[in-house]
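So this block is structure-v8.cif, mmCIF, C-alpha atoms:
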data_upload
loop_
_atom_site.label_atom_id
_atom_site.label_comp_id
_atom_site.auth_asym_id
_atom_site.auth_seq_id
_atom_site.Cartn_x
_atom_site.Cartn_y
_atom_site.Cartn_z
CA MET A 1 43.35 -17.30 -39.39
CA GLY A 2 44.68 -17.52 -35.85
CA PHE A 3 44.33 -13.78 -35.29
CA SER A 4 40.78 -13.82 -36.61
CA VAL A 5 39.68 -16.48 -34.14
CA SER A 6 41.50 -14.82 -31.21
CA GLY A 7 40.18 -11.35 -32.04
CA SER A 8 36.60 -12.52 -32.49
CA PHE A 9 36.76 -14.61 -29.34
CA ALA A 10 38.13 -11.63 -27.38
CA ILE A 11 35.27 -9.39 -28.58
CA ILE A 12 32.64 -11.97 -27.68
CA ILE A 13 34.23 -12.62 -24.27
CA VAL A 14 34.25 -8.87 -23.47
CA ALA A 15 30.60 -8.61 -24.58
CA ALA A 16 29.70 -11.65 -22.47
CA PHE A 17 31.33 -10.05 -19.42
CA ILE A 18 29.43 -6.80 -19.99
CA ALA A 19 26.15 -8.70 -20.49
CA PHE A 20 26.70 -10.79 -17.37
CA GLY A 21 27.47 -7.63 -15.39
CA MET A 22 24.23 -5.99 -16.49
CA ALA A 23 22.11 -9.10 -15.84
CA TYR A 24 23.70 -9.74 -12.47
CA THR A 25 23.22 -6.13 -11.32
CA ALA A 26 19.56 -6.16 -12.37
CA GLY A 27 18.91 -9.53 -10.72
CA ALA A 28 20.70 -8.58 -7.50
CA ASN A 29 18.89 -5.22 -7.27
CA GLY A 30 15.50 -6.86 -7.83
CA PHE A 31 16.20 -9.58 -5.31
CA GLU A 32 17.39 -7.04 -2.73
CA ARG A 33 14.29 -4.86 -3.24
CA VAL A 34 11.92 -7.81 -2.78
CA THR A 35 13.87 -9.11 0.25
CA GLU A 36 13.77 -5.67 1.88
CA ALA A 37 10.03 -5.32 1.17
CA THR A 38 9.33 -8.80 2.56
CA LYS A 39 11.32 -7.97 5.72
CA ASP A 40 9.36 -4.74 6.22
CA ALA A 41 6.06 -6.56 5.64
CA HIS A 42 6.99 -9.21 8.24
CA GLU A 43 7.96 -6.52 10.75
CA SER A 44 4.70 -4.69 10.10
CA ARG A 45 2.74 -7.94 10.55
CA LEU A 46 4.56 -8.62 13.84
CA ASP A 47 3.78 -5.07 15.07
CA SER A 48 0.17 -5.61 14.07
CA GLN A 49 0.02 -8.85 16.08
CA ASN A 50 1.52 -7.06 19.08
CA THR A 51 -0.95 -4.19 18.91
CA ALA A 52 -4.07 -4.18 21.05
CA ILE A 53 -6.31 -1.33 22.15
CA ASP A 54 -9.32 -1.21 24.40
CA ILE A 55 -11.91 1.54 24.80
CA VAL A 56 -12.22 1.94 28.57
CA ARG A 57 -14.67 4.86 28.56
CA ALA A 58 -16.83 6.56 25.97
CA ASN A 59 -19.19 9.39 26.66
CA TYR A 60 -21.43 11.67 24.64
CA SER A 61 -22.84 14.78 26.26
CA ALA A 62 -23.36 18.41 25.30
CA GLY A 63 -22.48 17.59 21.70
CA GLN A 64 -19.04 16.25 22.62
CA VAL A 65 -17.77 12.74 22.08
CA GLU A 66 -15.13 11.73 24.61
CA VAL A 67 -13.23 8.47 24.35
CA ASN A 68 -10.55 6.99 26.58
CA VAL A 69 -8.55 4.18 25.00
CA THR A 70 -5.77 2.12 26.56
CA ASN A 71 -2.86 0.75 24.59
CA ASN A 72 -2.89 -2.85 25.82
CA GLY A 73 -0.33 -4.09 23.33
CA THR A 74 3.46 -3.96 23.34
CA THR A 75 4.06 -1.54 20.48
CA ALA A 76 4.34 2.24 20.54
CA LEU A 77 1.62 3.73 18.35
CA PRO A 78 1.88 7.05 16.49
CA VAL A 79 -0.86 9.43 17.60
CA SER A 80 -1.06 10.81 14.06
CA ALA A 81 -2.18 7.39 12.78
CA THR A 82 -5.20 7.30 15.09
CA ASP A 83 -8.60 7.77 13.47
CA LEU A 84 -12.10 7.97 14.87
CA ILE A 85 -15.28 6.79 13.18
CA VAL A 86 -18.48 8.08 14.76
CA ASN A 87 -21.76 6.68 13.48
CA GLY A 88 -19.93 5.45 10.40
CA THR A 89 -18.38 8.84 9.54
CA TYR A 90 -14.61 9.21 9.47
CA HIS A 91 -12.82 11.83 11.59
CA GLY A 92 -9.04 12.06 11.27
CA HIS A 93 -6.76 13.07 14.15
CA ASP A 94 -6.59 16.61 12.67
CA GLU A 95 -10.28 17.07 13.50
CA PHE A 96 -9.92 16.16 17.18
CA ASP A 97 -10.60 19.09 19.51
CA GLU A 98 -8.51 17.57 22.27
CA LEU A 99 -5.97 14.78 22.14
CA LEU A 100 -4.02 13.74 25.23
CA VAL A 101 -1.74 10.81 25.96
CA ASP A 102 -1.67 10.15 29.71
CA GLY A 103 -2.71 13.79 30.22
CA GLN A 104 -0.01 15.23 27.91
CA SER A 105 -0.67 16.99 24.64
CA ALA A 106 2.98 17.49 23.67
CA THR A 107 3.66 13.96 22.55
CA SER A 108 3.18 12.14 19.29
CA VAL A 109 3.70 8.63 20.63
CA TRP A 110 1.17 6.50 22.45
CA LEU A 111 3.21 4.00 24.46
CA PRO A 112 2.10 0.60 25.82
CA GLY A 113 0.01 0.95 28.98
CA GLU A 114 -0.77 4.61 28.32
CA GLU A 115 -4.27 5.99 27.95
CA LEU A 116 -5.30 8.12 25.00
CA PHE A 117 -8.04 10.69 25.50
CA VAL A 118 -9.89 12.03 22.48
CA ARG A 119 -12.56 14.73 22.48
CA ILE A 120 -14.39 15.87 19.37
CA ASP A 121 -17.32 18.24 19.08
CA LEU A 122 -20.11 16.61 17.08
CA PRO A 123 -23.50 18.04 18.04
CA GLY A 124 -26.75 16.31 17.08
CA LEU A 125 -25.63 12.68 17.03
CA GLY A 126 -28.57 11.27 18.95
CA SER A 127 -28.65 9.48 22.28
CA SER A 128 -26.25 6.58 21.74
CA PRO A 129 -23.71 7.08 18.96
CA ARG A 130 -21.45 4.28 17.85
CA VAL A 131 -17.75 5.03 18.17
CA LYS A 132 -14.89 3.14 16.54
CA ILE A 133 -11.24 4.01 17.07
CA VAL A 134 -8.61 2.79 14.62
CA THR A 135 -4.85 2.83 15.14
CA GLU A 136 -1.83 2.09 13.02
CA HIS A 137 -2.02 -1.30 11.21
CA GLY A 138 -5.84 -0.98 11.23
CA VAL A 139 -6.23 -2.42 14.74
CA ALA A 140 -9.54 -1.13 16.07
CA ASP A 141 -12.06 -1.20 18.88
CA ALA A 142 -15.69 -0.09 18.79
CA VAL A 143 -18.34 0.68 21.34
CA VAL A 144 -21.86 2.04 21.48
CA VAL A 145 -21.97 4.98 23.87
CA GLY A 146 -24.74 4.11 26.26
CA MET B 1 51.88 -14.52 -51.63
CA ALA B 2 50.40 -11.04 -51.43
CA SER B 3 47.00 -12.48 -52.36
CA VAL B 4 47.15 -14.82 -49.37
CA SER B 5 47.80 -11.86 -47.03
CA VAL B 6 44.95 -9.89 -48.53
CA THR B 7 42.65 -12.87 -48.18
CA HIS B 8 43.70 -13.26 -44.54
CA LEU B 9 43.11 -9.56 -43.94
CA VAL B 10 39.64 -9.73 -45.47
CA LEU B 11 38.78 -12.82 -43.41
CA PHE B 12 40.18 -11.14 -40.28
CA ILE B 13 38.06 -8.01 -40.79
CA ALA B 14 35.01 -10.09 -41.64
CA SER B 15 35.40 -12.21 -38.52
CA LEU B 16 35.81 -9.10 -36.37
CA LEU B 17 32.66 -7.60 -37.91
CA VAL B 18 30.68 -10.78 -37.29
CA ALA B 19 31.98 -10.99 -33.72
CA ALA B 20 31.15 -7.33 -33.11
CA SER B 21 27.64 -7.85 -34.46
CA VAL B 22 27.11 -10.88 -32.24
CA ALA B 23 28.50 -8.93 -29.26
CA GLY B 24 26.23 -5.97 -30.00
CA VAL B 25 23.12 -8.10 -30.25
CA LEU B 26 24.10 -10.00 -27.10
CA THR B 27 24.62 -6.88 -24.97
CA GLN B 28 21.51 -5.19 -26.36
CA GLU B 29 19.25 -8.17 -25.62
CA VAL B 30 20.73 -8.73 -22.18
CA GLY B 31 20.28 -4.99 -21.53
CA ARG B 32 16.58 -5.29 -22.39
CA LEU B 33 16.27 -8.39 -20.21
CA SER B 34 17.98 -6.55 -17.32
CA GLU B 35 15.52 -3.67 -17.59
CA ALA B 36 12.63 -6.13 -17.51
CA ILE B 37 14.10 -7.88 -14.45
CA ASN B 38 14.54 -4.48 -12.78
CA ASP B 39 10.93 -3.49 -13.47
CA GLN B 40 9.68 -6.88 -12.31
CA GLY B 41 11.65 -6.56 -9.06
CA LEU B 42 10.24 -3.08 -8.47
CA ASP B 43 6.67 -4.26 -9.12
CA ALA B 44 7.11 -7.29 -6.86
CA SER B 45 8.53 -5.17 -4.02
CA GLN B 46 5.69 -2.65 -4.37
CA GLU B 47 3.13 -5.45 -4.21
CA VAL B 48 4.77 -6.86 -1.08
CA ARG B 49 4.81 -3.40 0.54
CA THR B 50 1.14 -2.75 -0.24
CA ASP B 51 -1.29 -3.51 2.53
CA ILE B 52 -4.72 -1.99 3.01
CA GLU B 53 -7.43 -2.37 5.62
CA VAL B 54 -11.09 -1.41 5.38
CA ILE B 55 -11.76 0.49 8.61
CA SER B 56 -15.41 1.36 8.04
CA ASP B 57 -17.73 0.49 10.87
CA GLY B 58 -19.87 -2.38 9.63
CA GLY B 59 -22.03 -2.01 12.74
CA SER B 60 -23.22 1.44 11.73
CA ASP B 61 -25.99 1.89 9.19
CA SER B 62 -24.25 4.66 7.24
CA VAL B 63 -22.22 2.49 4.86
CA TYR B 64 -24.98 2.68 2.26
CA ASN B 65 -26.85 5.91 1.70
CA ALA B 66 -30.11 5.01 0.00
CA SER B 67 -30.97 8.60 -0.91
CA THR B 68 -27.72 9.22 -2.83
CA GLY B 69 -27.20 5.58 -3.86
CA ASN B 70 -23.62 5.61 -2.58
CA ILE B 71 -21.72 2.88 -0.76
CA THR B 72 -18.94 4.54 1.27
CA VAL B 73 -16.01 2.60 2.68
CA TYR B 74 -12.91 3.98 4.39
CA VAL B 75 -9.68 2.24 3.45
CA LYS B 76 -6.49 2.77 5.46
CA ASN B 77 -3.07 2.29 3.95
CA THR B 78 -1.51 -0.05 6.52
CA GLY B 79 1.49 -0.98 4.38
CA THR B 80 4.70 0.87 3.60
CA GLN B 81 3.96 1.70 -0.02
CA GLU B 82 2.95 5.19 -1.09
CA MET B 83 0.07 5.20 -3.54
CA ALA B 84 -1.67 7.83 -5.64
CA GLY B 85 -5.09 7.10 -4.19
CA ASP B 86 -7.18 7.74 -7.26
CA ALA B 87 -9.90 5.69 -8.90
CA ASP B 88 -7.51 4.34 -11.55
CA ASP B 89 -5.52 2.46 -8.91
CA VAL B 90 -8.47 1.01 -7.04
CA ASP B 91 -10.84 -1.72 -8.20
CA VAL B 92 -14.07 -2.44 -6.35
CA LEU B 93 -16.42 -5.40 -6.52
CA VAL B 94 -19.84 -5.23 -4.87
CA ASP B 95 -21.42 -8.65 -4.36
CA GLY B 96 -19.00 -10.00 -6.94
CA ALA B 97 -19.83 -7.44 -9.63
CA TYR B 98 -17.13 -5.07 -10.85
CA GLN B 99 -17.95 -1.40 -10.31
CA ALA B 100 -16.68 1.23 -12.70
CA ASN B 101 -18.58 4.17 -11.22
CA LEU B 102 -16.51 5.03 -8.19
CA ASN B 103 -14.74 7.95 -6.63
CA VAL B 104 -11.63 7.76 -4.43
CA THR B 105 -10.55 10.64 -2.18
CA VAL B 106 -7.65 10.68 0.27
CA LEU B 107 -9.10 12.26 3.41
CA ASP B 108 -5.95 13.20 5.30
CA GLY B 109 -3.33 14.04 2.71
CA GLU B 110 -2.48 14.68 -0.91
CA LEU B 111 -1.30 11.15 -1.59
CA TRP B 112 -2.39 7.84 -0.12
CA ASN B 113 0.68 7.51 2.07
CA PRO B 114 1.08 4.90 4.83
CA ASN B 115 -1.52 5.45 7.60
CA ASN B 116 -3.60 7.77 5.40
CA VAL B 117 -7.24 6.96 4.86
CA ALA B 118 -9.00 7.02 1.51
CA GLU B 119 -12.74 7.29 1.09
CA VAL B 120 -14.04 4.99 -1.63
CA LYS B 121 -17.51 5.93 -2.84
CA VAL B 122 -19.29 3.53 -5.16
CA TYR B 123 -22.45 4.62 -6.91
CA TYR B 124 -24.85 1.70 -6.63
CA PRO B 125 -28.47 2.85 -6.80
CA ALA B 126 -31.24 0.66 -5.37
CA LEU B 127 -29.04 -1.76 -3.44
CA PRO B 128 -31.47 -4.42 -2.19
CA SER B 129 -31.71 -4.97 1.55
CA GLY B 130 -29.67 -7.83 2.96
CA ASP B 131 -26.02 -8.77 3.43
CA HIS B 132 -23.46 -7.33 1.01
CA ARG B 133 -19.76 -7.73 0.33
CA VAL B 134 -17.46 -5.02 -0.91
CA LYS B 135 -14.05 -6.10 -2.17
CA VAL B 136 -11.39 -3.42 -2.57
CA ILE B 137 -8.32 -4.28 -4.65
CA THR B 138 -5.26 -2.11 -5.08
CA ASN B 139 -1.78 -3.01 -6.26
CA GLY B 140 -2.46 -6.73 -5.82
CA ASP B 141 -3.75 -6.43 -2.25
CA GLU B 142 -7.43 -7.12 -1.59
CA GLU B 143 -9.71 -6.59 1.37
CA VAL B 144 -13.30 -7.70 1.86
CA PHE B 145 -15.80 -5.70 3.89
CA THR B 146 -19.23 -7.05 4.79
CA PHE B 147 -22.20 -4.92 5.73
CA ARG B 148 -25.97 -5.10 5.89
CA THR B 149 -28.62 -2.76 4.54
#
With the file now loaded, output its structure as structure tokens.
Amino acid sequence: MGFSVSGSFAIIIVAAFIAFGMAYTAGANGFERVTEATKDAHESRLDSQNTAIDIVRANYSAGQVEVNVTNNGTTALPVSATDLIVNGTYHGHDEFDELLVDGQSATSVWLPGEELFVRIDLPGLGSSPRVKIVTEHGVADAVVVG
Amino acid sequence: MASVSVTHLVLFIASLLVAASVAGVLTQEVGRLSEAINDQGLDASQEVRTDIEVISDGGSDSVYNASTGNITVYVKNTGTQEMAGDADDVDVLVDGAYQANLNVTVLDGELWNPNNVAEVKVYYPALPSGDHRVKVITNGDEEVFTFRT
């Protein structure tokens, strides 16, 4: 009788250890994933709060839209995440005919204080098109070219 | 005397079998529970990572095209979660009414990766003039865009 109880108890204890190990691993992994995601979301939110852009010049002539935008925030913005919306139509950075950051084309980062120049050929827009520029985090500025 | 030993042996084996059954059920159920916890953690982290922003220009008059009957909004993935960017993953409400007839296209990539923009077209013929609200929902994140026709 003694062996029966000891043997059974040993089997159940081993199973309980295995079960606890599985549950703990799953719980810890899930918790870590959510914590990491929350941290990234907070960092992204902070970057968004620190991002500010301002269109300093916009011009439309000879079928070309030209926009100069200053990064007035404190975050470095990726040039590849910059989009242009002209008269409500989207134009991604791949469609830009010229893209300069402080006069340089060989950079992919738009640093605080620097000026981004965008030129895109869009003939037939009318006299005063509306231009909106959107950066990373969705921070945007819009202007009617007058 | 021998009968006592046999009885003990039978009881011993029976107890081991019962214990093994209990152990098997215990580990199996906890295994299932662990998988569910894992999936739940993954879903929760994906929801936290998802963030979208409607970047359409509400000031322009091209959000609604009366001749085609399409409402077009551009939605940027401003989070850190990669998404498929198809109509199955996106729900749209126009003035509070759920829209099933919609088309989603990622404009600058194959997938709706962070910083990519998706074009959401909703077929809504004869939208009356006035103020309208478009609500875009994906992976638990929702954004409202207001425009006027």
Item to check | Residue nearest chain B among A:Thr82, A:Asn68, A:Ser105, A:Ser128 (counting only C-alpha atoms) | outcome: A:Thr82
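Those DNA, RNA and protein residues that approach the point (-13.2, 3.8, -2.6) to within 10 Å, considering only C-alpha atoms, are Val54, Ile71, Thr72, Val73, Tyr74, Val75, Gly85, Asp86, Ala87, Val90, Asp91, Val92, Leu102, Asn103, Val104, Thr105, Val106, Ala118, Glu119, Val120, Lys121, Val122, Val134, Lys135, Val136 and Ile137 of chain B.
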Write the residues you've just listed into a file as a JSON list (two decimals), keeping the file's coordinate frame, and include C-alpha atoms for each of them.
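Contents of result.json, freshly written:
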[["chain", "number", "residue", "atom", "x", "y", "z"],
["B", 54, "VAL", "CA", -11.09, -1.41, 5.38],
["B", 71, "ILE", "CA", -21.72, 2.88, -0.76],
["B", 72, "THR", "CA", -18.94, 4.54, 1.27],
["B", 73, "VAL", "CA", -16.01, 2.60, 2.68],
["B", 74, "TYR", "CA", -12.91, 3.98, 4.39],
["B", 75, "VAL", "CA", -9.68, 2.24, 3.45],
["B", 85, "GLY", "CA", -5.09, 7.10, -4.19],
["B", 86, "ASP", "CA", -7.18, 7.74, -7.26],
["B", 87, "ALA", "CA", -9.90, 5.69, -8.90],
["B", 90, "VAL", "CA", -8.47, 1.01, -7.04],
["B", 91, "ASP", "CA", -10.84, -1.72, -8.20],
["B", 92, "VAL", "CA", -14.07, -2.44, -6.35],
["B", 102, "LEU", "CA", -16.51, 5.03, -8.19],
["B", 103, "ASN", "CA", -14.74, 7.95, -6.63],
["B", 104, "VAL", "CA", -11.63, 7.76, -4.43],
["B", 105, "THR", "CA", -10.55, 10.64, -2.18],
["B", 106, "VAL", "CA", -7.65, 10.68, 0.27],
["B", 118, "ALA", "CA", -9.00, 7.02, 1.51],
["B", 119, "GLU", "CA", -12.74, 7.29, 1.09],
["B", 120, "VAL", "CA", -14.04, 4.99, -1.63],
["B", 121, "LYS", "CA", -17.51, 5.93, -2.84],
["B", 122, "VAL", "CA", -19.29, 3.53, -5.16],
["B", 134, "VAL", "CA", -17.46, -5.02, -0.91],
["B", 135, "LYS", "CA", -14.05, -6.10, -2.17],
["B", 136, "VAL", "CA", -11.39, -3.42, -2.57],
["B", 137, "ILE", "CA", -8.32, -4.28, -4.65]]
Spatial neighbours of Gln49 of chain A, max dist 10 Å, only C-alpha atoms, sep filter under 5 positions, as a tab-separated table (two decimals) with C-alpha atoms, in the coordinates of the input:
chain	number	residue	atom	x	y	z
A	43	GLU	CA	7.96	-6.52	10.75
A	44	SER	CA	4.70	-4.69	10.10
A	73	GLY	CA	-0.33	-4.09	23.33
A	74	THR	CA	3.46	-3.96	23.34
A	75	THR	CA	4.06	-1.54	20.48
A	137	HIS	CA	-2.02	-1.30	11.21
A	139	VAL	CA	-6.23	-2.42	14.74
Item to check | Picked residues, the PyMOL selection byres ((chain A) within 8 of (chain B)), expected as a PyMOL selection string | outcome: chain A and resi 1+3-5+7-9+11-12+15-16+18-20+22-23+25-27+29-31+33-38+40-41+44+81+85+87-90+92+130+132+134+136-138+140
Next on the checklist: I'd like the interatomic distance between atom CA of Thr146 of chain B and atom CA of Asp95 of chain B, to a tenth of an Å.
Outcome noted: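 Interatomic distance, atom CA of Thr146 of chain B to atom CA of Asp95 of chain B: 9.5 Å.
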Checklist entry - Suppose you want the space between atom CA of Phe147 of chain B and atom CA of Pro123 of chain A; what is it in Å? => result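 Taking atom CA of Phe147 of chain B as the start and atom CA of Pro123 of chain A as the end point, the length is 26.1 Å.
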Next on the checklist: Could you list, as a PyMOL selection string, every residue matched by the PyMOL selection byres ((chain A and resi 119) around 12) in this structure?
Outcome noted: chain A and resi 57-69+84+86+91+93-100+116-118+120-122+131
Next on the checklist: Taking all atoms listed in the file into account, name the residue in B:Met83, B:Phe145, B:Ala97, B:Tyr124 that is nearest to Leu111 of chain B.
Outcome noted: B:Met83
Coords for segment 97-109 of chain A, N, CA and C atoms, as a CSV table (one decimal), in the first residue's frame:
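Result saved to result_14.csv:
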chain,number,residue,atom,x,y,z
A,97,ASP,N,9.7,63.6,-58.3
A,97,ASP,CA,10.7,63.8,-59.4
A,97,ASP,C,12.0,64.3,-58.8
A,98,GLU,N,11.9,65.0,-57.7
A,98,GLU,CA,13.1,65.5,-57.0
A,98,GLU,C,12.8,65.5,-55.5
A,99,LEU,N,13.8,65.0,-54.7
A,99,LEU,CA,13.7,65.0,-53.3
A,99,LEU,C,15.0,65.3,-52.7
A,100,LEU,N,15.1,66.4,-52.0
A,100,LEU,CA,16.4,66.9,-51.4
A,100,LEU,C,16.1,67.2,-49.9
A,101,VAL,N,17.1,66.9,-49.1
A,101,VAL,CA,17.1,67.2,-47.7
A,101,VAL,C,18.3,68.2,-47.5
A,102,ASP,N,18.0,69.5,-47.2
A,102,ASP,CA,19.1,70.5,-47.1
A,102,ASP,C,20.0,70.5,-48.4
A,103,GLY,N,19.4,70.3,-49.6
A,103,GLY,CA,20.1,70.3,-50.8
A,103,GLY,C,20.8,69.0,-51.2
A,104,GLN,N,20.7,68.0,-50.3
A,104,GLN,CA,21.3,66.7,-50.6
A,104,GLN,C,20.3,65.7,-51.0
A,105,SER,N,20.7,64.9,-52.1
A,105,SER,CA,19.8,63.8,-52.5
A,105,SER,C,20.2,62.5,-51.9
A,106,ALA,N,21.5,62.4,-51.5
A,106,ALA,CA,22.0,61.1,-51.0
A,106,ALA,C,21.8,60.9,-49.5
A,107,THR,N,20.6,61.2,-49.0
A,107,THR,CA,20.3,60.9,-47.6
A,107,THR,C,18.9,60.3,-47.5
A,108,SER,N,18.7,59.5,-46.5
A,108,SER,CA,17.4,59.0,-46.3
A,108,SER,C,16.8,59.5,-45.0
A,109,VAL,N,17.5,60.4,-44.3
A,109,VAL,CA,17.0,60.9,-43.0
A,109,VAL,C,16.8,62.4,-43.1
